[in-house]
Amino acid sequence: MHTFRCVCHSKLFFGNTNCVSCQRTVAMCPACRQVSAMEELEDGTWKCLRNGCGQRQRFCQNRVEHAACNWGVLFEEKDQTLCTNCRLNQMIPDLSVPGNLEKWQRLEAAKRRVLYIIEAIGLPIGMPDQEELLPLGFEFKADGAKPVSTGHAGGLIVINIKEADSVHREQTRVEFGEPQRTLVGHFRHELGHYYWDLLVKPHHLEAFREKFGNEESPTYTEALQAYYANGPKPNWPKQYVSAYASMHPWEDFAESFATYLDMVAIVTTADHFEQENQRFESYDFDELLNAYREIGIMANEFNREIGLLDLVPEVFTAPVIEKLRFVHTLTG
């Protein structure tokens, strides 16, 4: 992630809806993919003021009605009221329930951030109106008569909205020993399952099995039962990026995919603030990994100085590196 510039030359950040310096209205422009100052036109539409853009647009309905988005919708898309990110939603929480709006806003903020990086590294996203790609969808649900399990199936990612409650999430993180249980982390992990279905299974299955194992033996159900009965595999840090990754090849890939996205996001953000012009396309995998390791050492020490968890808790053994390298081959 990187910062952007307002017409007043102040910095804008990914989630901004107003410039804190000049108070102009800002939005993520879907044409130039920049958070930019906007000028309201006489007909109620908005014009991107970024040099070289000038795209006319409307604001996403979820921004106008719920302050749950900061993206625009291209003016030419006459039949659309939602931005490309919000169109992926198949279910949102019941907003009449106190607290649900705030939880949904947090979920949407995390989702937008993750999908922005996904597109930046060249991974396709199946939209609801596409036939050639597995459609990606999201359901944000609360527990009812039956508890809601966060997970993925057939392109649909379900997230229990209580994950947006920081107290619940911290209790669960400690209970399951998950150092990076965050909303961003949930999206990155579940998207790993989506891209296994979309890219790995139809095109790279043999290479996947060489690195991660055969996903059919044991079955996922058998592996899940064994994991919760016996815990992670002995000496899992030698082969896996996390304890949960040792449960089954599908989870190994999803955890490796999420770690790869962490790596890209952290390294490109660090380079942006140092150079202001670094782009993802200039990295090869080994450069990316080495940079992430160096940043991790420094960031971990910063965090330890004030008692926070490590930013980069992973240990990158040779098998883990090869799994991350496999994920890298799927991008661009």
# chains A, B, ... in the order shown; residues from 1 in each chain; ligands from 1
>>> select_by_dssp(residues="segment 54-178 of chain A", states="alpha helix (DSSP H)", output="number ranges by chain")
A: 61-66, 100-120, 166-176
>>> residues_around(residues="segment 154-159 of chain A", least_positions_apart="2", cutoff="12 Å", atoms="only C-alpha atoms", output="MDAnalysis selection string")
chainID A and resid 88:93 103:104 107:108 110:111 125:128 133:143 147:152 161:164 182:199
>>> closest_residue(among="A:Ala243, A:Cys6, A:Ala223, A:Tyr283", to="Glu178 of chain A", atoms="only C-alpha atoms")
A:Ala243
>>> select_by_dssp(residues="segment 108-221 of chain A", states="strand (DSSP E)", output="number ranges by chain")
A: 137-141, 151-153, 156-160
>>> atom_distance(atom1="atom CA of Cys22 of chain A", atom2="atom CA of Val73 of chain A")
23.7 Å
>>> closest_residue(among="A:Glu294, A:Glu255, A:Asp129, A:Glu102", to="Arg181 of chain A", atoms="only C-alpha atoms")
A:Glu255
